[in-house]
file structure04.pdb (PDB, C-alpha atoms)
ATOM      1  CA  MET A 282      53.929 -11.385  45.923
ATOM      2  CA  ILE A 283      50.738 -12.358  44.171
ATOM      3  CA  SER A 284      49.063 -15.368  45.699
ATOM      4  CA  THR A 285      48.157 -18.456  43.741
ATOM      5  CA  GLY A 286      44.488 -17.931  44.671
ATOM      6  CA  PHE A 287      44.466 -14.417  43.240
ATOM      7  CA  VAL A 288      45.966 -15.635  39.987
ATOM      8  CA  ALA A 289      43.341 -18.349  39.798
ATOM      9  CA  TRP A 290      40.601 -15.792  40.452
ATOM     10  CA  ILE A 291      41.931 -13.540  37.686
ATOM     11  CA  GLY A 292      41.942 -16.543  35.383
ATOM     12  CA  VAL A 293      38.300 -17.304  36.178
ATOM     13  CA  ILE A 294      37.310 -13.674  35.571
ATOM     14  CA  GLY A 295      39.178 -13.699  32.277
ATOM     15  CA  THR A 296      37.430 -16.876  31.202
ATOM     16  CA  ILE A 297      34.019 -15.423  32.103
ATOM     17  CA  LEU A 298      34.729 -12.178  30.272
ATOM     18  CA  GLY A 299      36.021 -14.096  27.277
ATOM     19  CA  THR A 300      32.868 -16.200  27.219
ATOM     20  CA  LEU A 301      30.634 -13.134  27.503
ATOM     21  CA  VAL A 302      32.456 -11.245  24.765
ATOM     22  CA  GLY A 303      32.448 -14.311  22.570
ATOM     23  CA  GLY A 304      28.720 -14.757  23.173
ATOM     24  CA  VAL A 305      28.006 -11.129  22.349
ATOM     25  CA  LEU A 306      30.047 -11.290  19.145
ATOM     26  CA  THR A 307      28.312 -14.520  18.139
ATOM     27  CA  TYR A 308      24.911 -12.976  18.821
ATOM     28  CA  VAL A 309      25.751  -9.867  16.782
ATOM     29  CA  ALA A 310      27.087 -11.940  13.903
ATOM     30  CA  THR A 311      24.012 -14.197  13.965
ATOM     31  CA  ALA A 312      21.661 -11.214  14.151
ATOM     32  CA  ARG A 313      23.370  -9.591  11.187
ATOM     33  CA  GLN A 314      23.216 -12.828   9.230
ATOM     34  CA  ASP A 315      19.515 -13.243  10.023
ATOM     35  CA  SER A 316      18.870  -9.631   9.053
ATOM     36  CA  ARG A 317      20.613 -10.118   5.707
ATOM     37  CA  ARG A 318      18.725 -13.368   5.152
ATOM     38  CA  ARG A 319      15.368 -11.710   5.884
ATOM     39  CA  ALA A 320      16.220  -8.783   3.627
ATOM     40  CA  GLN A 321      17.123 -11.146   0.791
ATOM     41  CA  GLU A 322      14.008 -13.227   1.422
ATOM     42  CA  LEU A 323      11.858 -10.087   1.250
ATOM     43  CA  ALA A 324      13.601  -8.911  -1.931
ATOM     44  CA  ASP A 325      13.049 -12.307  -3.580
ATOM     45  CA  LEU A 326       9.405 -12.313  -2.456
ATOM     46  CA  LYS A 327       8.782  -8.851  -3.893
ATOM     47  CA  ALA A 328      10.474  -9.680  -7.190
ATOM     48  CA  SER A 329       8.456 -12.883  -7.601
ATOM     49  CA  ILE A 330       5.128 -11.206  -6.908
ATOM     50  CA  TYR A 331       6.051  -8.194  -9.031
ATOM     51  CA  SER A 332       6.809 -10.331 -12.083
ATOM     52  CA  GLU A 333       3.486 -12.159 -11.842
ATOM     53  CA  ILE A 334       1.424  -9.012 -11.291
ATOM     54  CA  ALA A 335       3.216  -7.240 -14.154
ATOM     55  CA  ASP A 336       2.380 -10.108 -16.498
ATOM     56  CA  ARG A 337      -1.258 -10.447 -15.409
ATOM     57  CA  ALA A 338      -1.807  -6.666 -15.436
ATOM     58  CA  ALA A 339      -0.300  -6.369 -18.920
ATOM     59  CA  ARG A 340      -2.632  -9.109 -20.134
ATOM     60  CA  CYS A 341      -5.606  -7.277 -18.601
ATOM     61  CA  VAL A 342      -4.697  -4.025 -20.376
ATOM     62  CA  ASN A 343      -4.114  -5.876 -23.631
ATOM     63  CA  ASP A 344      -7.506  -7.601 -23.548
ATOM     64  CA  TYR A 345      -9.237  -4.411 -22.453
ATOM     65  CA  LEU A 346      -7.849  -2.491 -25.445
ATOM     66  CA  ASP A 347      -8.976  -5.206 -27.829
ATOM     67  CA  PRO A 348     -11.597  -6.570 -27.816
ATOM     68  CA  TRP A 349     -13.418  -5.929 -24.531
ATOM     69  CA  ARG A 350     -13.441  -2.137 -24.433
ATOM     70  CA  ASP A 351     -15.526  -1.630 -27.569
ATOM     71  CA  ASN A 352     -14.704  -4.224 -30.230
ATOM     72  CA  VAL A 353     -16.675  -7.263 -29.100
ATOM     73  CA  ARG A 354     -19.130  -8.489 -31.734
ATOM     74  CA  LEU A 355     -21.997 -10.076 -29.866
ATOM     75  CA  ASN A 356     -23.013 -12.245 -32.810
ATOM     76  CA  LYS A 357     -19.585 -13.895 -32.760
ATOM     77  CA  LEU A 358     -19.584 -14.849 -29.101
ATOM     78  CA  SER A 359     -18.912 -18.484 -28.293
ATOM     79  CA  PRO A 360     -17.706 -20.307 -25.165
ATOM     80  CA  GLU A 361     -14.456 -21.203 -26.918
ATOM     81  CA  TRP A 362     -13.727 -17.608 -27.922
ATOM     82  CA  VAL A 363     -14.576 -16.137 -24.527
ATOM     83  CA  GLY A 364     -12.588 -18.851 -22.764
ATOM     84  CA  LYS A 365      -9.388 -17.658 -24.455
ATOM     85  CA  PHE A 366      -9.458 -14.519 -22.318
ATOM     86  CA  ARG A 367      -9.620 -16.284 -18.957
ATOM     87  CA  PRO A 368      -6.616 -15.150 -16.873
ATOM     88  CA  THR A 369      -4.060 -17.820 -16.131
ATOM     89  CA  ASP A 370      -4.327 -19.012 -12.542
ATOM     90  CA  PRO A 371      -1.746 -17.397 -10.249
ATOM     91  CA  VAL A 372       1.353 -19.505  -9.698
ATOM     92  CA  VAL A 373       3.508 -17.291  -7.499
ATOM     93  CA  LEU A 374       0.834 -16.178  -5.027
ATOM     94  CA  PRO A 375      -0.112 -19.663  -3.736
ATOM     95  CA  GLY A 376       3.556 -20.534  -3.421
ATOM     96  CA  VAL A 377       4.435 -17.528  -1.260
ATOM     97  CA  ALA A 378       1.180 -17.191   0.683
ATOM     98  CA  GLY A 379       2.901 -18.078   3.941
ATOM     99  CA  LYS A 380       5.413 -15.242   3.493
ATOM    100  CA  LEU A 381       3.013 -12.420   2.624
ATOM    101  CA  GLY A 382       3.257 -11.202   6.217
ATOM    102  CA  LEU A 383       6.736  -9.910   5.348
ATOM    103  CA  LEU A 384       5.130  -7.186   3.222
ATOM    104  CA  ASP A 385       4.130  -3.873   4.756
ATOM    105  CA  GLY A 386       0.415  -3.231   5.166
ATOM    106  CA  GLU A 387      -0.053  -0.880   2.205
ATOM    107  CA  THR A 388       1.751  -3.188  -0.189
ATOM    108  CA  LEU A 389      -0.085  -6.260   1.070
ATOM    109  CA  LEU A 390      -3.450  -4.514   0.612
ATOM    110  CA  ALA A 391      -2.690  -3.546  -2.983
ATOM    111  CA  VAL A 392      -1.407  -7.027  -3.827
ATOM    112  CA  THR A 393      -4.411  -8.824  -2.338
ATOM    113  CA  GLN A 394      -6.836  -6.372  -3.960
ATOM    114  CA  PHE A 395      -5.315  -7.002  -7.377
ATOM    115  CA  TYR A 396      -5.566 -10.763  -7.067
ATOM    116  CA  PHE A 397      -9.130 -10.428  -5.753
ATOM    117  CA  ARG A 398     -10.131  -8.291  -8.761
ATOM    118  CA  LEU A 399      -8.417 -10.749 -11.089
ATOM    119  CA  ASP A 400     -10.461 -13.563  -9.569
ATOM    120  CA  VAL A 401     -13.678 -11.551 -10.025
ATOM    121  CA  LEU A 402     -12.734 -11.028 -13.691
ATOM    122  CA  THR A 403     -12.171 -14.762 -14.079
ATOM    123  CA  LYS A 404     -15.601 -15.514 -12.638
ATOM    124  CA  ALA A 405     -17.245 -12.962 -14.983
ATOM    125  CA  LEU A 406     -15.676 -14.634 -18.010
ATOM    126  CA  GLU A 407     -16.663 -18.083 -16.758
ATOM    127  CA  SER A 408     -20.200 -16.847 -16.193
ATOM    128  CA  LEU A 409     -20.450 -15.617 -19.785
ATOM    129  CA  CYS A 410     -19.070 -18.935 -21.043
ATOM    130  CA  ALA A 411     -21.623 -20.851 -18.983
ATOM    131  CA  SER A 412     -24.459 -18.678 -20.293
ATOM    132  CA  LEU A 413     -23.423 -19.269 -23.881
ATOM    133  CA  GLU A 414     -23.095 -23.005 -23.306
ATOM    134  CA  ARG A 415     -26.568 -23.226 -21.759
ATOM    135  CA  ARG A 416     -28.062 -21.629 -24.861
ATOM    136  CA  GLY A 417     -26.071 -23.844 -27.160
ATOM    137  CA  SER A 418     -24.060 -20.791 -28.271
ATOM    138  CA  VAL A 419     -26.365 -19.955 -31.177
ATOM    139  CA  LYS A 420     -24.255 -17.797 -33.482
ATOM    140  CA  GLY A 421     -25.801 -14.809 -35.196
ATOM    141  CA  LEU A 422     -28.201 -14.227 -32.309
ATOM    142  CA  ALA A 423     -27.227 -11.343 -30.035
ATOM    143  CA  HIS A 424     -28.827 -11.111 -26.616
ATOM    144  CA  GLU A 425     -29.177  -8.100 -24.358
ATOM    145  CA  ALA A 426     -27.873 -10.258 -21.554
ATOM    146  CA  ASP A 427     -24.688 -10.834 -23.547
ATOM    147  CA  LYS A 428     -24.237  -7.093 -24.031
ATOM    148  CA  ALA A 429     -24.545  -6.499 -20.297
ATOM    149  CA  ARG A 430     -22.085  -9.292 -19.542
ATOM    150  CA  VAL A 431     -19.579  -7.941 -22.059
ATOM    151  CA  GLU A 432     -19.823  -4.484 -20.531
ATOM    152  CA  ALA A 433     -19.380  -6.018 -17.075
ATOM    153  CA  ILE A 434     -16.198  -7.769 -18.218
ATOM    154  CA  ALA A 435     -14.798  -4.460 -19.489
ATOM    155  CA  ARG A 436     -15.496  -2.931 -16.076
ATOM    156  CA  ARG A 437     -13.895  -5.917 -14.344
ATOM    157  CA  LEU A 438     -10.773  -5.415 -16.437
ATOM    158  CA  GLU A 439     -10.702  -1.724 -15.525
ATOM    159  CA  SER A 440     -11.060  -2.579 -11.858
ATOM    160  CA  CYS A 441      -7.758  -4.497 -11.987
ATOM    161  CA  PHE A 442      -5.709  -1.512 -13.163
ATOM    162  CA  ASN A 443      -5.558   0.677 -10.057
ATOM    163  CA  PRO A 444      -4.637  -2.057  -7.549
ATOM    164  CA  ALA A 445      -2.117  -3.431 -10.057
ATOM    165  CA  LEU A 446      -0.464  -0.021 -10.364
ATOM    166  CA  ARG A 447      -0.389   0.478  -6.593
ATOM    167  CA  ALA A 448       1.033  -3.001  -6.070
ATOM    168  CA  LEU A 449       3.801  -2.434  -8.620
ATOM    169  CA  GLN A 450       4.681   0.925  -7.109
ATOM    170  CA  ASN A 451       4.672  -0.316  -3.519
ATOM    171  CA  LEU A 452       6.609  -3.507  -4.208
ATOM    172  CA  ASN A 453       9.468  -1.182  -5.189
ATOM    173  CA  VAL A 454      11.857  -3.691  -6.750
ATOM    174  CA  GLY A 455      14.198  -0.963  -7.975
ATOM    175  CA  PRO A 456      15.825  -1.014 -11.438
ATOM    176  CA  ALA A 457      14.461  -4.518 -12.072
ATOM    177  CA  ALA A 458      10.955  -3.019 -12.354
ATOM    178  CA  ALA A 459      11.620  -1.562 -15.796
ATOM    179  CA  ASN A 460      12.872  -4.927 -17.046
ATOM    180  CA  PHE A 461       9.800  -6.746 -15.723
ATOM    181  CA  ASP A 462       7.476  -4.112 -17.204
ATOM    182  CA  ASP A 463       9.186  -4.104 -20.604
ATOM    183  CA  ALA A 464       9.165  -7.896 -20.794
ATOM    184  CA  ALA A 465       5.445  -8.019 -19.996
ATOM    185  CA  THR A 466       4.619  -5.246 -22.468
ATOM    186  CA  ARG A 467       6.457  -6.926 -25.352
ATOM    187  CA  VAL A 468       4.417 -10.110 -24.958
ATOM    188  CA  TYR A 469       1.004  -8.523 -25.551
ATOM    189  CA  PRO A 470       0.458  -6.976 -29.003
ATOM    190  CA  HIS A 471      -2.318  -4.445 -28.292
ATOM    191  CA  LEU A 472      -0.486  -3.041 -25.292
ATOM    192  CA  ARG A 473       2.762  -2.964 -27.258
ATOM    193  CA  LYS A 474       1.093  -1.131 -30.165
ATOM    194  CA  SER A 475      -0.308   1.488 -27.808
ATOM    195  CA  GLY A 476       3.228   2.824 -27.312
ATOM    196  CA  LEU A 477       2.619   3.119 -23.569
ATOM    197  CA  THR A 478       4.646   1.572 -20.797
ATOM    198  CA  LEU A 479       2.764  -0.794 -18.533
ATOM    199  CA  ARG A 480       2.432   1.792 -15.766
ATOM    200  CA  GLN A 481       1.375   4.505 -18.207
ATOM    201  CA  ALA A 482      -1.321   2.230 -19.609
ATOM    202  CA  LEU A 483      -2.593   1.363 -16.138
ATOM    203  CA  LYS A 484      -2.798   5.069 -15.264
ATOM    204  CA  GLU A 485      -4.442   6.081 -18.524
ATOM    205  CA  HIS A 486      -7.166   3.473 -18.489
ATOM    206  CA  PHE A 487      -7.929   3.703 -14.804
ATOM    207  CA  PRO A 488      -7.312   7.321 -13.735
ATOM    208  CA  THR A 489      -6.830   8.071 -10.054
ATOM    209  CA  GLU A 490     -10.164   9.862  -9.859
ATOM    210  CA  LYS A 491     -11.943   6.619 -10.766
ATOM    211  CA  ALA A 492     -10.496   4.792  -7.784
TER     212      ALA A 492
END
call {"tool": "encode", "arguments": {"input": "structure04.pdb", "output": "structure tokens"}}
result
Amino acid sequence: MISTGFVAWIGVIGTILGTLVGGVLTYVATARQDSRRRAQELADLKASIYSEIADRAARCVNDYLDPWRDNVRLNKLSPEWVGKFRPTDPVVLPGVAGKLGLLDGETLLAVTQFYFRLDVLTKALESLCASLERRGSVKGLAHEADKARVEAIARRLESCFNPALRALQNLNVGPAAANFDDAATRVYPHLRKSGLTLRQALKEHFPTEKA
């Protein structure tokens, strides 16, 4: 006959095992939930950054094609005209800065390089504006300094293309990429008229060998 003490001991063991199993199941469920949450957070992060880079890169290609590559008329330069080409300040990047560590190293490098080059372009445009303002923006008077600054802006635009392309490729947002690219391309007339996709334009105007 089984003693009362043995039955009690079995009950204690059962309770302990039940608690352990329950704890393990809870841990597994929580881990899976956290994993799904992190995966979704990373996907949302990549999509947000991708959309902003696609838009800014498309604008860079558009402005490079016309007028900065070879259509700038020095005698028409004015601070107001040059100021129209200043890139819009990033909105997504500052908002997700604390989450950039979720990106792998190669992707993070390409993303940060693109935004750095975009900032350098912005400063080059602001520098030209400031130079024109200091001179009173005398129309009809071309300066060699203006020519050099215009050429520098074209090079700054070119310098954005390779990191933009690498960032878009590495962010790897799947089928949504084509939608982002098409939407950005449709907005900018010179890029749209070129008949190239955004990635094709980035490759064509900043070949790999230039990197």
call {"tool": "closest_residue", "arguments": {"input": "structure04.pdb", "among": "A:Leu326, A:Ala411, A:Leu406, A:Leu479", "to": "Val431 (chain A)", "atoms": "all atoms listed in the file"}}
result
A:Leu406
call {"tool": "residues_around", "arguments": {"input": "structure04.pdb", "residues": "region 334-342 of chain A", "least_positions_apart": "6", "cutoff": "7 Å", "atoms": "all atoms listed in the file", "output": "list in words"}}
result
Leu438, Phe442, Ala445, Phe461, Asp462, Ala465, Thr466, Tyr469, Leu472 and Leu479 of chain A
call {"tool": "residues_around", "arguments": {"input": "structure04.pdb", "residues": "Arg437 (chain A)", "least_positions_apart": "4", "cutoff": "10 Å", "atoms": "all atoms listed in the file", "output": "ChimeraX atom specification"}}
result
/A:341,345,398-406,431-433,441-442
call {"tool": "resolve_selection", "arguments": {"input": "structure04.pdb", "expression": "the PyMOL selection byres ((chain A and resi 426) around 12)", "output": "MDAnalysis selection string"}}
result
chainID A and resid 355 408:409 412:413 416 422:425 427:433
call {"tool": "write_last_selection", "arguments": {"input": "structure04.pdb", "atoms": "C-alpha atoms", "output": "compact mmCIF listing (two decimals), keeping the file's coordinate frame"}}
result
# COMPACT_ATOMS: atom_id res chain seq x y z
CA LEU A 355 -22.00 -10.08 -29.87
CA SER A 408 -20.20 -16.85 -16.19
CA LEU A 409 -20.45 -15.62 -19.78
CA SER A 412 -24.46 -18.68 -20.29
CA LEU A 413 -23.42 -19.27 -23.88
CA ARG A 416 -28.06 -21.63 -24.86
CA LEU A 422 -28.20 -14.23 -32.31
CA ALA A 423 -27.23 -11.34 -30.04
CA HIS A 424 -28.83 -11.11 -26.62
CA GLU A 425 -29.18 -8.10 -24.36
CA ASP A 427 -24.69 -10.83 -23.55
CA LYS A 428 -24.24 -7.09 -24.03
CA ALA A 429 -24.54 -6.50 -20.30
CA ARG A 430 -22.08 -9.29 -19.54
CA VAL A 431 -19.58 -7.94 -22.06
CA GLU A 432 -19.82 -4.48 -20.53
CA ALA A 433 -19.38 -6.02 -17.08
call {"tool": "atom_distance", "arguments": {"input": "structure04.pdb", "atom1": "CA of Val373 (chain A)", "atom2": "CA of Asp325 (chain A)"}}
result
11.5 Å
call {"tool": "resolve_selection", "arguments": {"input": "structure04.pdb", "expression": "the PyMOL selection byres ((chain A and resi 324) around 12)", "output": "JSON, numbers by chain"}}
result
{"A": [317, 318, 319, 320, 321, 322, 323, 325, 326, 327, 328, 329, 330, 331, 380, 383, 384, 452, 453, 454, 455, 457]}
call {"tool": "closest_residue", "arguments": {"input": "structure04.pdb", "among": "A:Arg447, A:Lys357, A:Arg367, A:Lys484", "to": "Leu389 (chain A)", "atoms": "only C-alpha atoms"}}
result
A:Arg447
call {"tool": "axis_aligned_box", "arguments": {"input": "structure04.pdb", "around": "region 356-365 of chain A", "padding_each_side": "8 Å", "output": "AutoDock Vina command-line options"}}
result
--center_x -16.2 --center_y -16.7 --center_z -27.8 --size_x 29.6 --size_y 25.0 --size_z 26.0
call {"tool": "residues_around", "arguments": {"input": "structure04.pdb", "residues": "Leu446 (chain A)", "least_positions_apart": "4", "cutoff": "7 Å", "atoms": "all atoms listed in the file", "output": "VMD selection string"}}
result
chain A and resid 442 450 480 483
call {"tool": "atom_distance", "arguments": {"input": "structure04.pdb", "atom1": "CA of Val468 (chain A)", "atom2": "CA of Trp349 (chain A)"}}
result
18.3 Å
call {"tool": "residues_around", "arguments": {"input": "structure04.pdb", "residues": "Ala391 (chain A)", "least_positions_apart": "2", "cutoff": "6 Å", "atoms": "only C-alpha atoms", "output": "MDAnalysis selection string"}}
result
chainID A and resid 388:389 393:394 444 447:448
call {"tool": "write_last_selection", "arguments": {"input": "structure04.pdb", "atoms": "C-alpha atoms", "output": "PDB file, in the frame of the given file"}}
result
ATOM      1  CA  THR A 388       1.751  -3.188  -0.189  1.00  0.00           C
ATOM      2  CA  LEU A 389      -0.085  -6.260   1.070  1.00  0.00           C
ATOM      3  CA  THR A 393      -4.411  -8.824  -2.338  1.00  0.00           C
ATOM      4  CA  GLN A 394      -6.836  -6.372  -3.960  1.00  0.00           C
ATOM      5  CA  PRO A 444      -4.637  -2.057  -7.549  1.00  0.00           C
ATOM      6  CA  ARG A 447      -0.389   0.478  -6.593  1.00  0.00           C
ATOM      7  CA  ALA A 448       1.033  -3.001  -6.070  1.00  0.00           C
TER       8      ALA A 448
END
call {"tool": "closest_residue", "arguments": {"input": "structure04.pdb", "among": "A:Asn443, A:Glu333, A:His471, A:Arg350", "to": "Val377 (chain A)", "atoms": "only C-alpha atoms"}}
result
A:Glu333
call {"tool": "atom_distance", "arguments": {"input": "structure04.pdb", "atom1": "CA of Leu381 (chain A)", "atom2": "CA of Pro456 (chain A)"}}
result
22.2 Å
call {"tool": "decode", "arguments": {"input": "structure04.pdb", "residues": "region 441-463 of chain A", "atoms": "N, CA and C atoms", "output": "tab-separated table (two decimals), in the first residue's frame"}}
result
chain	number	residue	atom	x	y	z
A	441	CYS	N	27.07	60.84	-54.60
A	441	CYS	CA	25.93	60.27	-53.87
A	441	CYS	C	25.45	58.95	-54.48
A	442	PHE	N	25.74	58.74	-55.77
A	442	PHE	CA	25.10	57.65	-56.50
A	442	PHE	C	25.53	56.26	-56.02
A	443	ASN	N	26.83	56.04	-55.87
A	443	ASN	CA	27.29	54.72	-55.49
A	443	ASN	C	26.83	54.30	-54.09
A	444	PRO	N	27.01	55.14	-53.07
A	444	PRO	CA	26.49	54.74	-51.75
A	444	PRO	C	24.98	54.58	-51.74
A	445	ALA	N	24.27	55.38	-52.53
A	445	ALA	CA	22.81	55.23	-52.60
A	445	ALA	C	22.45	53.87	-53.17
A	446	LEU	N	23.12	53.48	-54.25
A	446	LEU	CA	22.85	52.18	-54.87
A	446	LEU	C	23.16	51.04	-53.90
A	447	ARG	N	24.30	51.13	-53.23
A	447	ARG	CA	24.67	50.07	-52.28
A	447	ARG	C	23.69	50.00	-51.12
A	448	ALA	N	23.24	51.15	-50.66
A	448	ALA	CA	22.28	51.18	-49.56
A	448	ALA	C	20.97	50.53	-49.98
A	449	LEU	N	20.48	50.87	-51.17
A	449	LEU	CA	19.22	50.30	-51.65
A	449	LEU	C	19.33	48.79	-51.83
A	450	GLN	N	20.46	48.35	-52.36
A	450	GLN	CA	20.65	46.92	-52.55
A	450	GLN	C	20.74	46.17	-51.22
A	451	ASN	N	21.49	46.73	-50.28
A	451	ASN	CA	21.71	46.05	-49.01
A	451	ASN	C	20.50	46.11	-48.07
A	452	LEU	N	19.69	47.14	-48.21
A	452	LEU	CA	18.50	47.22	-47.35
A	452	LEU	C	17.52	46.09	-47.68
A	453	ASN	N	17.52	45.68	-48.95
A	453	ASN	CA	16.82	44.44	-49.35
A	453	ASN	C	15.40	44.37	-48.79
A	454	VAL	N	14.55	45.27	-49.26
A	454	VAL	CA	13.17	45.31	-48.76
A	454	VAL	C	12.22	44.46	-49.60
A	455	GLY	N	12.78	43.63	-50.48
A	455	GLY	CA	11.97	42.69	-51.24
A	455	GLY	C	11.16	43.37	-52.34
A	456	PRO	N	9.98	42.81	-52.65
A	456	PRO	CA	9.14	43.34	-53.74
A	456	PRO	C	8.78	44.81	-53.58
A	457	ALA	N	8.77	45.30	-52.34
A	457	ALA	CA	8.42	46.71	-52.11
A	457	ALA	C	9.43	47.65	-52.75
A	458	ALA	N	10.65	47.17	-53.00
A	458	ALA	CA	11.70	48.03	-53.57
A	458	ALA	C	11.27	48.63	-54.90
A	459	ALA	N	10.70	47.80	-55.76
A	459	ALA	CA	10.29	48.29	-57.08
A	459	ALA	C	9.24	49.39	-56.95
A	460	ASN	N	8.33	49.23	-56.01
A	460	ASN	CA	7.30	50.25	-55.80
A	460	ASN	C	7.90	51.56	-55.32
A	461	PHE	N	8.83	51.48	-54.37
A	461	PHE	CA	9.51	52.68	-53.88
A	461	PHE	C	10.27	53.36	-55.02
A	462	ASP	N	11.01	52.57	-55.79
A	462	ASP	CA	11.82	53.11	-56.88
A	462	ASP	C	10.95	53.77	-57.94
A	463	ASP	N	9.87	53.09	-58.33
A	463	ASP	CA	8.98	53.64	-59.36
A	463	ASP	C	8.33	54.94	-58.89
